[in-house]
file protein.cif (mmCIF, C-alpha atoms)
data_work
#
loop_
_atom_site.label_atom_id
_atom_site.label_comp_id
_atom_site.auth_asym_id
_atom_site.auth_seq_id
_atom_site.Cartn_x
_atom_site.Cartn_y
_atom_site.Cartn_z
CA MET W 13 -9.59 110.18 40.54
CA SER W 14 -9.56 108.03 37.41
CA HIS W 15 -7.93 104.58 37.39
CA ALA W 16 -5.09 105.85 35.18
CA ALA W 17 -4.35 108.73 37.53
CA ALA W 18 -4.51 106.42 40.53
CA ALA W 19 -1.97 104.08 38.90
CA ASP W 20 0.32 107.08 38.42
CA VAL W 21 0.05 108.14 42.06
CA HIS W 22 0.46 104.66 43.57
CA ALA W 23 3.89 103.10 43.22
CA GLU W 24 4.62 99.37 43.15
CA GLY W 25 4.19 97.52 46.46
CA GLY W 26 1.74 100.02 47.97
CA GLY W 27 3.93 103.13 48.01
CA HIS W 28 3.00 106.55 46.67
CA ARG W 29 4.54 108.57 43.89
CA THR W 30 5.45 112.20 44.39
CA SER W 31 4.44 114.93 41.91
CA MET W 32 7.84 114.27 40.24
CA GLY W 33 6.85 110.65 39.61
CA LEU W 34 9.39 109.30 42.10
CA ASP W 35 8.65 106.72 44.76
CA SER W 36 8.01 108.64 47.98
CA ARG W 37 9.55 105.90 50.18
CA LYS W 38 12.77 105.98 48.19
CA MET W 39 12.88 109.77 48.30
CA ALA W 40 12.32 109.77 52.08
CA PHE W 41 15.00 107.13 52.50
CA TRP W 42 17.57 109.14 50.55
CA ALA W 43 16.77 112.10 52.84
CA PHE W 44 17.33 109.81 55.85
CA ILE W 45 20.67 108.67 54.40
CA GLY W 46 21.60 112.35 53.95
CA SER W 47 20.92 112.94 57.65
CA GLU W 48 23.00 109.87 58.53
CA CYS W 49 25.94 111.41 56.62
CA LEU W 50 25.83 114.30 59.10
CA LEU W 51 25.69 111.93 62.08
CA PHE W 52 28.76 109.99 60.94
CA ALA W 53 30.57 113.21 59.93
CA THR W 54 30.30 114.43 63.55
CA LEU W 55 31.62 111.10 64.90
CA ILE W 56 34.52 110.96 62.40
CA SER W 57 35.34 114.62 63.12
CA THR W 58 35.41 113.89 66.87
CA TYR W 59 37.75 110.95 66.25
CA LEU W 60 40.10 113.12 64.16
CA ILE W 61 40.03 116.04 66.60
CA TYR W 62 41.09 113.83 69.53
CA LYS W 63 43.52 111.73 67.48
CA GLY W 64 46.97 111.67 69.08
CA LYS W 65 45.65 113.40 72.22
CA SER W 66 45.65 110.32 74.46
CA LEU W 67 47.91 110.77 77.49
CA GLU W 68 48.29 107.03 78.14
CA GLY W 69 48.12 103.86 76.01
CA PRO W 70 47.15 101.64 74.39
CA PHE W 71 47.70 103.73 71.26
CA PRO W 72 46.31 102.83 67.78
CA PRO W 73 49.52 101.32 66.24
CA GLN W 74 49.92 99.04 69.28
CA ILE W 75 46.46 97.59 69.10
CA LEU W 76 44.84 97.84 65.64
CA ASN W 77 44.96 94.63 63.62
CA ILE W 78 45.06 95.58 59.92
CA PRO W 79 44.97 92.07 58.36
CA PHE W 80 41.92 91.17 60.45
CA THR W 81 40.09 94.43 59.67
CA SER W 82 41.00 94.07 55.98
CA PHE W 83 39.16 90.75 56.04
CA SER W 84 36.11 92.42 57.70
CA THR W 85 36.22 95.12 55.00
CA PHE W 86 36.34 92.47 52.27
CA ASP W 87 33.41 90.65 53.93
CA LEU W 88 31.29 93.82 54.01
CA LEU W 89 32.15 94.60 50.35
CA MET W 90 31.11 91.08 49.33
CA SER W 91 27.86 91.41 51.30
CA SER W 92 27.14 94.56 49.27
CA LEU W 93 27.56 92.50 46.09
CA TRP W 94 25.18 89.84 47.43
CA MET W 95 22.66 92.57 48.30
CA VAL W 96 22.54 93.90 44.72
CA LEU W 97 22.33 90.32 43.41
CA ALA W 98 19.35 89.78 45.78
CA LEU W 99 17.69 92.91 44.38
CA ALA W 100 18.32 91.79 40.79
CA ALA W 101 16.82 88.36 41.62
CA VAL W 102 13.70 89.93 43.21
CA GLN W 103 13.26 92.25 40.22
CA ARG W 104 13.20 89.26 37.83
CA ASN W 105 10.97 87.38 40.36
CA ASP W 106 13.59 84.65 40.86
CA MET W 107 12.70 84.10 44.50
CA LYS W 108 14.94 81.05 44.96
CA TRP W 109 18.10 83.11 44.34
CA ALA W 110 16.62 86.14 46.10
CA LYS W 111 16.35 84.08 49.31
CA ILE W 112 19.91 82.74 48.89
CA TRP W 113 21.42 86.20 48.32
CA LEU W 114 19.39 87.82 51.11
CA MET W 115 20.56 85.16 53.58
CA GLY W 116 24.13 85.49 52.23
CA THR W 117 24.03 89.25 52.84
CA ALA W 118 22.72 88.75 56.39
CA ILE W 119 25.43 86.15 57.09
CA GLY W 120 28.03 88.59 55.70
CA GLY W 121 26.73 91.18 58.18
CA LEU W 122 26.80 88.66 61.03
CA ILE W 123 30.42 87.72 60.23
CA PHE W 124 31.32 91.44 60.30
CA LEU W 125 29.54 91.86 63.65
CA GLY W 126 31.24 88.74 65.04
CA GLY W 127 34.59 90.22 63.99
CA GLN W 128 33.74 93.48 65.70
CA VAL W 129 32.74 91.71 68.93
CA TRP W 130 36.06 89.79 68.84
CA GLU W 131 38.00 93.00 68.13
CA PHE W 132 36.27 94.91 70.97
CA SER W 133 36.86 92.09 73.49
CA HIS W 134 40.51 91.82 72.37
CA PHE W 135 40.95 95.58 72.91
CA VAL W 136 39.34 95.43 76.37
CA GLU W 137 41.67 92.52 77.29
CA HIS W 138 44.60 94.75 76.29
CA GLY W 139 43.34 97.58 78.50
CA LEU W 140 41.55 99.77 75.96
CA THR W 141 38.11 100.68 77.26
CA LEU W 142 35.65 103.50 76.60
CA GLN W 143 37.04 105.41 79.61
CA LYS W 144 40.76 104.58 79.23
CA ASN W 145 41.86 107.39 76.91
CA MET W 146 40.62 109.68 74.12
CA PHE W 147 41.40 107.03 71.50
CA GLY W 148 39.24 104.46 73.35
CA THR W 149 36.34 106.90 73.75
CA THR W 150 36.25 108.12 70.15
CA PHE W 151 37.08 104.72 68.62
CA PHE W 152 34.40 102.76 70.47
CA VAL W 153 31.72 105.43 69.91
CA LEU W 154 32.45 105.67 66.16
CA THR W 155 32.86 101.98 65.36
CA GLY W 156 30.16 100.99 67.88
CA THR W 157 27.63 103.32 66.19
CA HIS W 158 28.55 101.79 62.86
CA GLY W 159 28.22 98.28 64.33
CA ALA W 160 24.76 99.16 65.67
CA HIS W 161 23.80 100.20 62.12
CA VAL W 162 25.08 96.86 60.79
CA ALA W 163 23.03 95.03 63.46
CA VAL W 164 19.87 96.91 62.39
CA GLY W 165 20.66 96.02 58.76
CA VAL W 166 21.06 92.32 59.60
CA LEU W 167 17.68 92.28 61.42
CA TRP W 168 16.08 94.06 58.45
CA LEU W 169 17.59 91.53 55.99
CA LEU W 170 16.44 88.57 58.10
CA THR W 171 12.92 90.06 58.21
CA LEU W 172 12.94 90.25 54.39
CA TRP W 173 14.23 86.68 54.18
CA VAL W 174 11.41 85.44 56.46
CA ARG W 175 8.88 87.31 54.28
CA ALA W 176 10.43 85.70 51.20
CA MET W 177 10.18 82.25 52.83
CA GLN W 178 6.51 82.95 53.58
CA GLY W 179 5.94 83.86 49.93
CA LYS W 180 5.10 87.46 50.83
CA LEU W 181 8.06 88.94 48.95
CA THR W 182 7.69 89.11 45.16
CA SER W 183 8.84 91.36 42.33
CA LYS W 184 5.96 93.66 43.31
CA ASN W 185 7.90 94.43 46.52
CA ALA W 186 11.20 95.08 44.71
CA MET W 187 11.22 98.65 46.05
CA THR W 188 11.27 97.32 49.63
CA VAL W 189 14.39 95.29 48.79
CA GLU W 190 15.92 98.27 46.97
CA ILE W 191 15.44 100.50 50.05
CA THR W 192 16.97 97.80 52.28
CA GLY W 193 19.86 97.72 49.81
CA LEU W 194 20.28 101.50 50.04
CA TYR W 195 20.65 101.17 53.81
CA TRP W 196 23.06 98.27 53.52
CA HIS W 197 25.28 99.99 50.95
CA PHE W 198 25.30 103.15 53.04
CA VAL W 199 26.60 101.11 55.99
CA ASP W 200 29.26 99.79 53.59
CA VAL W 201 30.37 103.24 52.36
CA ILE W 202 30.63 104.49 55.93
CA TRP W 203 32.91 101.53 56.70
CA ILE W 204 35.04 102.39 53.64
CA ILE W 205 35.71 105.79 55.28
CA ILE W 206 36.21 104.37 58.81
CA PHE W 207 38.64 101.73 57.53
CA THR W 208 40.76 104.42 55.88
CA VAL W 209 40.56 107.13 58.53
CA VAL W 210 40.80 104.98 61.67
CA TYR W 211 42.75 101.89 60.64
CA LEU W 212 45.00 102.80 57.73
CA ILE W 213 45.84 106.44 58.54
CA GLN W 214 47.29 105.95 62.00
CA MET V 14 6.49 111.11 35.04
CA ALA V 15 6.99 107.98 32.94
CA ASP V 16 10.64 109.02 32.39
CA ALA V 17 11.19 109.36 36.14
CA HIS V 18 9.62 105.96 36.70
CA ALA V 19 11.78 104.37 33.99
CA ALA V 20 14.94 106.01 35.35
CA GLU V 21 14.15 104.58 38.78
CA HIS V 22 14.12 101.03 37.41
CA SER V 23 17.00 100.97 34.91
CA HIS V 24 19.46 99.06 37.08
CA PRO V 25 22.68 97.37 35.94
CA THR V 26 22.90 93.64 35.23
CA ALA V 27 24.43 91.03 37.56
CA ALA V 28 27.56 90.98 35.35
CA VAL V 29 28.09 94.72 35.96
CA TYR V 30 27.61 94.23 39.72
CA ILE V 31 30.27 91.47 39.73
CA ARG V 32 32.72 93.63 37.74
CA VAL V 33 32.15 96.49 40.21
CA ALA V 34 32.83 94.08 43.13
CA ALA V 35 36.10 93.00 41.46
CA ILE V 36 37.18 96.65 41.10
CA LEU V 37 36.28 97.33 44.76
CA PHE V 38 38.27 94.27 45.83
CA MET V 39 41.32 95.41 43.84
CA LEU V 40 41.08 98.93 45.30
CA THR V 41 40.94 97.46 48.83
CA VAL V 42 44.03 95.33 48.11
CA LEU V 43 45.73 98.48 46.78
CA GLU V 44 44.80 100.40 49.96
CA VAL V 45 46.26 97.71 52.22
CA GLY V 46 49.31 97.47 49.91
CA VAL V 47 49.91 101.23 50.14
CA PHE V 48 49.72 100.91 53.94
CA TYR V 49 52.37 98.18 54.09
CA VAL V 50 54.84 99.25 51.37
CA PRO V 51 57.28 101.83 52.84
CA THR V 52 57.89 103.43 49.39
CA PHE V 53 54.35 104.83 49.47
CA HIS V 54 54.58 106.25 53.01
CA PRO V 55 55.41 109.85 51.91
CA ILE V 56 52.10 109.92 49.99
CA LEU V 57 50.19 107.57 52.33
CA VAL V 58 47.45 109.97 53.47
CA PRO V 59 46.52 111.49 50.07
CA ALA V 60 46.75 108.08 48.34
CA LEU V 61 44.47 106.42 50.91
CA LEU V 62 41.98 109.30 50.86
CA ILE V 63 41.81 109.22 47.04
CA LEU V 64 41.35 105.41 46.97
CA SER V 65 38.69 105.64 49.67
CA ALA V 66 36.85 108.41 47.75
CA ILE V 67 36.94 106.29 44.56
CA LYS V 68 35.48 103.26 46.41
CA PHE V 69 32.81 105.47 48.03
CA SER V 70 31.81 106.91 44.62
CA ILE V 71 31.71 103.50 42.92
CA VAL V 72 29.40 102.00 45.58
CA VAL V 73 27.12 105.05 45.54
CA MET V 74 26.97 105.20 41.72
CA PHE V 75 26.52 101.51 40.90
CA TYR V 76 25.24 99.67 43.99
CA MET V 77 23.05 102.54 45.21
CA HIS V 78 22.13 103.27 41.56
CA LEU V 79 22.67 107.03 41.68
CA LYS V 80 24.36 106.87 38.25
CA MET V 81 21.16 105.60 36.62
CA ASP V 82 18.49 106.96 38.97
CA ASN V 83 16.70 110.27 38.83
CA ARG V 84 19.09 113.22 39.41
CA PHE V 85 16.87 114.42 42.28
CA PHE V 86 18.11 111.52 44.46
CA THR V 87 21.69 112.68 43.83
CA LEU V 88 20.63 116.14 45.01
CA ILE V 89 18.94 114.80 48.17
CA PHE V 90 22.08 112.79 49.02
CA GLY V 91 24.72 115.14 47.66
CA GLY V 92 23.43 118.22 49.54
CA PRO V 93 23.80 116.77 53.07
CA LEU V 94 27.04 115.01 52.01
CA LEU V 95 28.57 118.34 51.00
CA LEU V 96 27.23 119.91 54.21
CA ALA V 97 28.80 117.06 56.23
CA PHE V 98 32.13 117.52 54.42
CA GLY V 99 32.04 121.30 54.96
CA MET V 100 31.22 120.80 58.64
CA MET V 101 34.13 118.35 59.02
CA MET V 102 36.55 120.78 57.39
CA ALA V 103 35.29 123.65 59.59
CA LEU V 104 35.73 121.52 62.73
CA MET V 105 39.24 120.47 61.65
CA PHE V 106 40.27 124.14 61.34
CA LEU V 107 38.43 125.20 64.53
CA PHE V 108 40.16 122.51 66.60
CA ARG V 109 43.52 123.10 64.84
CA VAL V 110 43.78 119.64 63.30
CA PHE V 111 44.58 121.58 60.12
CA VAL V 112 46.56 124.78 60.62
CA LEU V 113 46.77 127.54 58.00
CA LYS V 114 50.37 128.72 57.51
#

call {"tool": "encode", "arguments": {"input": "protein.cif", "output": "structure tokens"}}
result
Amino acid sequence: MSHAAAADVHAEGGGHRTSMGLDSRKMAFWAFIGSECLLFATLISTYLIYKGKSLEGPFPPQILNIPFTSFSTFDLLMSSLWMVLALAAVQRNDMKWAKIWLMGTAIGGLIFLGGQVWEFSHFVEHGLTLQKNMFGTTFFVLTGTHGAHVAVGVLWLLTLWVRAMQGKLTSKNAMTVEITGLYWHFVDVIWIIIFTVVYLIQ
Amino acid sequence: MADAHAAEHSHPTAAVYIRVAAILFMLTVLEVGVFYVPTFHPILVPALLILSAIKFSIVVMFYMHLKMDNRFFTLIFGGPLLLAFGMMMALMFLFRVFVLK
């Protein structure tokens, strides 16, 4: 293989390009996100199917706190903004701002997770557990799965931040940050749906 | 191949990202407003679903870059998304959440 051909096959940051000239990691990650859509569709469907089928309380209008969850939604939306700003900073090799935005995004995720932990404990205090009724079962499984995704995202972001602090993250690794961003924004769009379906449409 | 590579890297500027965030914030305020204002209650469900779909599309197009990226990524994401939506609709009818009159 000539050097020119090799440059065509190898993408930035050590990845490979497909025959279509696309980064193979990005393509694989979009396929993963597609499969995640199906996972969350099954969980949202289960929530909707069992909605209103609880025989005993607490019921959603008695327990859901809309102002608090609206703040969590705003926090996650802002973290998505910080994620794209981190990507833009990495792409122009402005590592100072890349580190700030990456840490900001991770903190945004941690605030969301903290809110979810508070919300779950508050619900348990008011008698809503996983086994209490159909609402408890479907609510905790759906929002808990989403929360687990946020937790993975926060760990991923902190890993990137540590790599940036070590000087191992540069504009050559912009695709790594872009893929992390794809994951983070996917977590955000899933929350957009959960916020509407679970919290606002009661 | 060069075109595909270029398409993969033509991302919006920080100013566009901030404008998108402002729109998303306003749509979220609108969603919560629709929830609290009794006048909107007869159209609550369709209004919230439409607002949610708009927010979903904006994040996917601008923050996940599908608007500027290679169309193949839209296909890889859009295919399973449509499948997921179809599956949800089928389950809603099967379990009589939606009933045909």

call {"tool": "residues_around", "arguments": {"input": "protein.cif", "residues": "W:Phe198", "least_positions_apart": "2", "cutoff": "9 Å", "atoms": "all atoms listed in the file", "output": "number ranges by chain"}}
result
W: 45, 48, 193-196, 200-203; V: 72-73, 77

call {"tool": "write_last_selection", "arguments": {"input": "protein.cif", "atoms": "C-alpha atoms", "output": "CSV table (one decimal), keeping the file's coordinate frame"}}
result
chain,number,residue,atom,x,y,z
W,45,ILE,CA,20.7,108.7,54.4
W,48,GLU,CA,23.0,109.9,58.5
W,193,GLY,CA,19.9,97.7,49.8
W,194,LEU,CA,20.3,101.5,50.0
W,195,TYR,CA,20.6,101.2,53.8
W,196,TRP,CA,23.1,98.3,53.5
W,200,ASP,CA,29.3,99.8,53.6
W,201,VAL,CA,30.4,103.2,52.4
W,202,ILE,CA,30.6,104.5,55.9
W,203,TRP,CA,32.9,101.5,56.7
V,72,VAL,CA,29.4,102.0,45.6
V,73,VAL,CA,27.1,105.0,45.5
V,77,MET,CA,23.0,102.5,45.2

call {"tool": "interface_residues", "arguments": {"input": "protein.cif", "of": "chain V", "to": "chain W", "cutoff": "6 Å", "atoms": "all atoms listed in the file", "output": "PyMOL selection string"}}
result
chain V and resi 14+17+69+77+89-90+93-94+97+101

call {"tool": "resolve_selection", "arguments": {"input": "protein.cif", "expression": "the PyMOL selection byres ((chain V and resi 58-62) around 8)", "output": "PyMOL selection string"}}
result
(chain W and resi 208+212-213) or (chain V and resi 44+47+56-57+63-66)

call {"tool": "write_last_selection", "arguments": {"input": "protein.cif", "atoms": "C-alpha atoms", "output": "mmCIF file, in the frame of the given file"}}
result
data_model
loop_
_atom_site.group_PDB
_atom_site.id
_atom_site.type_symbol
_atom_site.label_atom_id
_atom_site.label_comp_id
_atom_site.auth_asym_id
_atom_site.auth_seq_id
_atom_site.Cartn_x
_atom_site.Cartn_y
_atom_site.Cartn_z
ATOM 1 C CA THR W 208 40.760 104.420 55.880
ATOM 2 C CA LEU W 212 45.000 102.800 57.730
ATOM 3 C CA ILE W 213 45.840 106.440 58.540
ATOM 4 C CA GLU V 44 44.800 100.400 49.960
ATOM 5 C CA VAL V 47 49.910 101.230 50.140
ATOM 6 C CA ILE V 56 52.100 109.920 49.990
ATOM 7 C CA LEU V 57 50.190 107.570 52.330
ATOM 8 C CA ILE V 63 41.810 109.220 47.040
ATOM 9 C CA LEU V 64 41.350 105.410 46.970
ATOM 10 C CA SER V 65 38.690 105.640 49.670
ATOM 11 C CA ALA V 66 36.850 108.410 47.750
#

call {"tool": "atom_distance", "arguments": {"input": "protein.cif", "atom1": "atom CA of W:Leu67", "atom2": "atom CA of W:Asn145"}}
result
7.0 Å

call {"tool": "atom_distance", "arguments": {"input": "protein.cif", "atom1": "atom CA of W:Pro70", "atom2": "atom CA of W:Leu140"}}
result
6.1 Å

call {"tool": "closest_residue", "arguments": {"input": "protein.cif", "among": "W:Gly179, W:Gly156, W:Pro73, W:Gly165", "to": "W:Leu142", "atoms": "only C-alpha atoms"}}
result
W:Gly156

call {"tool": "atom_distance", "arguments": {"input": "protein.cif", "atom1": "atom CA of W:Asp87", "atom2": "atom CA of W:Leu169"}}
result
16.0 Å

call {"tool": "resolve_selection", "arguments": {"input": "protein.cif", "expression": "the PyMOL selection byres ((chain W and resi 107) around 10)", "output": "PyMOL selection string"}}
result
chain W and resi 98+101-106+108-113+176-177+179+181-183

call {"tool": "write_last_selection", "arguments": {"input": "protein.cif", "atoms": "C-alpha atoms", "output": "CSV table (one decimal), keeping the file's coordinate frame"}}
result
chain,number,residue,atom,x,y,z
W,98,ALA,CA,19.4,89.8,45.8
W,101,ALA,CA,16.8,88.4,41.6
W,102,VAL,CA,13.7,89.9,43.2
W,103,GLN,CA,13.3,92.2,40.2
W,104,ARG,CA,13.2,89.3,37.8
W,105,ASN,CA,11.0,87.4,40.4
W,106,ASP,CA,13.6,84.6,40.9
W,108,LYS,CA,14.9,81.0,45.0
W,109,TRP,CA,18.1,83.1,44.3
W,110,ALA,CA,16.6,86.1,46.1
W,111,LYS,CA,16.4,84.1,49.3
W,112,ILE,CA,19.9,82.7,48.9
W,113,TRP,CA,21.4,86.2,48.3
W,176,ALA,CA,10.4,85.7,51.2
W,177,MET,CA,10.2,82.2,52.8
W,179,GLY,CA,5.9,83.9,49.9
W,181,LEU,CA,8.1,88.9,49.0
W,182,THR,CA,7.7,89.1,45.2
W,183,SER,CA,8.8,91.4,42.3

call {"tool": "residues_near_point", "arguments": {"input": "protein.cif", "point": "(30.9, 94.5, 59.0)", "cutoff": "8 Å", "atoms": "all atoms listed in the file", "output": "list in words"}}
result
Ser84, Thr85, Asp87, Leu88, Gly120, Gly121, Leu122, Ile123, Phe124, Leu125, Gly127, Gln128, Gly159, Val162, Asp200 and Trp203 of chain W

call {"tool": "build_atoms", "arguments": {"input": "protein.cif", "residues": "stretch 96-114 of chain W", "atoms": "N, CA and C atoms", "output": "mmCIF file, in the frame of the given file"}}
result
data_model
loop_
_atom_site.group_PDB
_atom_site.id
_atom_site.type_symbol
_atom_site.label_atom_id
_atom_site.label_comp_id
_atom_site.auth_asym_id
_atom_site.auth_seq_id
_atom_site.Cartn_x
_atom_site.Cartn_y
_atom_site.Cartn_z
ATOM 1 N N VAL W 96 23.020 93.483 46.051
ATOM 2 C CA VAL W 96 22.540 93.900 44.720
ATOM 3 C C VAL W 96 22.094 92.687 43.895
ATOM 4 N N LEU W 97 22.745 91.535 44.123
ATOM 5 C CA LEU W 97 22.330 90.320 43.410
ATOM 6 C C LEU W 97 20.939 89.885 43.915
ATOM 7 N N ALA W 98 20.683 90.090 45.221
ATOM 8 C CA ALA W 98 19.350 89.780 45.780
ATOM 9 C C ALA W 98 18.300 90.679 45.134
ATOM 10 N N LEU W 99 18.632 91.966 45.004
ATOM 11 C CA LEU W 99 17.690 92.910 44.380
ATOM 12 C C LEU W 99 17.419 92.516 42.931
ATOM 13 N N ALA W 100 18.488 92.189 42.192
ATOM 14 C CA ALA W 100 18.320 91.790 40.790
ATOM 15 C C ALA W 100 17.438 90.544 40.688
ATOM 16 N N ALA W 101 17.620 89.594 41.622
ATOM 17 C CA ALA W 101 16.820 88.360 41.620
ATOM 18 C C ALA W 101 15.347 88.675 41.913
ATOM 19 N N VAL W 102 15.093 89.558 42.883
ATOM 20 C CA VAL W 102 13.700 89.930 43.210
ATOM 21 C C VAL W 102 13.054 90.621 42.016
ATOM 22 N N GLN W 103 13.822 91.505 41.358
ATOM 23 C CA GLN W 103 13.260 92.250 40.220
ATOM 24 C C GLN W 103 12.859 91.323 39.066
ATOM 25 N N ARG W 104 13.600 90.185 38.897
ATOM 26 C CA ARG W 104 13.200 89.260 37.830
ATOM 27 C C ARG W 104 12.310 88.131 38.393
ATOM 28 N N ASN W 105 11.870 88.304 39.652
ATOM 29 C CA ASN W 105 10.970 87.380 40.360
ATOM 30 C C ASN W 105 11.573 85.972 40.513
ATOM 31 N N ASP W 106 12.894 85.920 40.627
ATOM 32 C CA ASP W 106 13.590 84.650 40.860
ATOM 33 C C ASP W 106 13.769 84.516 42.378
ATOM 34 N N MET W 107 12.716 84.057 43.043
ATOM 35 C CA MET W 107 12.700 84.100 44.500
ATOM 36 C C MET W 107 13.657 83.098 45.139
ATOM 37 N N LYS W 108 13.995 82.034 44.400
ATOM 38 C CA LYS W 108 14.940 81.050 44.960
ATOM 39 C C LYS W 108 16.297 81.732 45.217
ATOM 40 N N TRP W 109 16.808 82.433 44.194
ATOM 41 C CA TRP W 109 18.100 83.110 44.340
ATOM 42 C C TRP W 109 17.988 84.336 45.227
ATOM 43 N N ALA W 110 16.816 84.975 45.213
ATOM 44 C CA ALA W 110 16.620 86.140 46.100
ATOM 45 C C ALA W 110 16.807 85.722 47.556
ATOM 46 N N LYS W 111 16.230 84.571 47.921
ATOM 47 C CA LYS W 111 16.350 84.080 49.310
ATOM 48 C C LYS W 111 17.814 83.761 49.628
ATOM 49 N N ILE W 112 18.503 83.122 48.666
ATOM 50 C CA ILE W 112 19.910 82.740 48.890
ATOM 51 C C ILE W 112 20.776 83.997 49.102
ATOM 52 N N TRP W 113 20.589 84.995 48.212
ATOM 53 C CA TRP W 113 21.420 86.200 48.320
ATOM 54 C C TRP W 113 21.073 87.009 49.557
ATOM 55 N N LEU W 114 19.777 87.067 49.902
ATOM 56 C CA LEU W 114 19.390 87.820 51.110
ATOM 57 C C LEU W 114 20.022 87.188 52.348
#
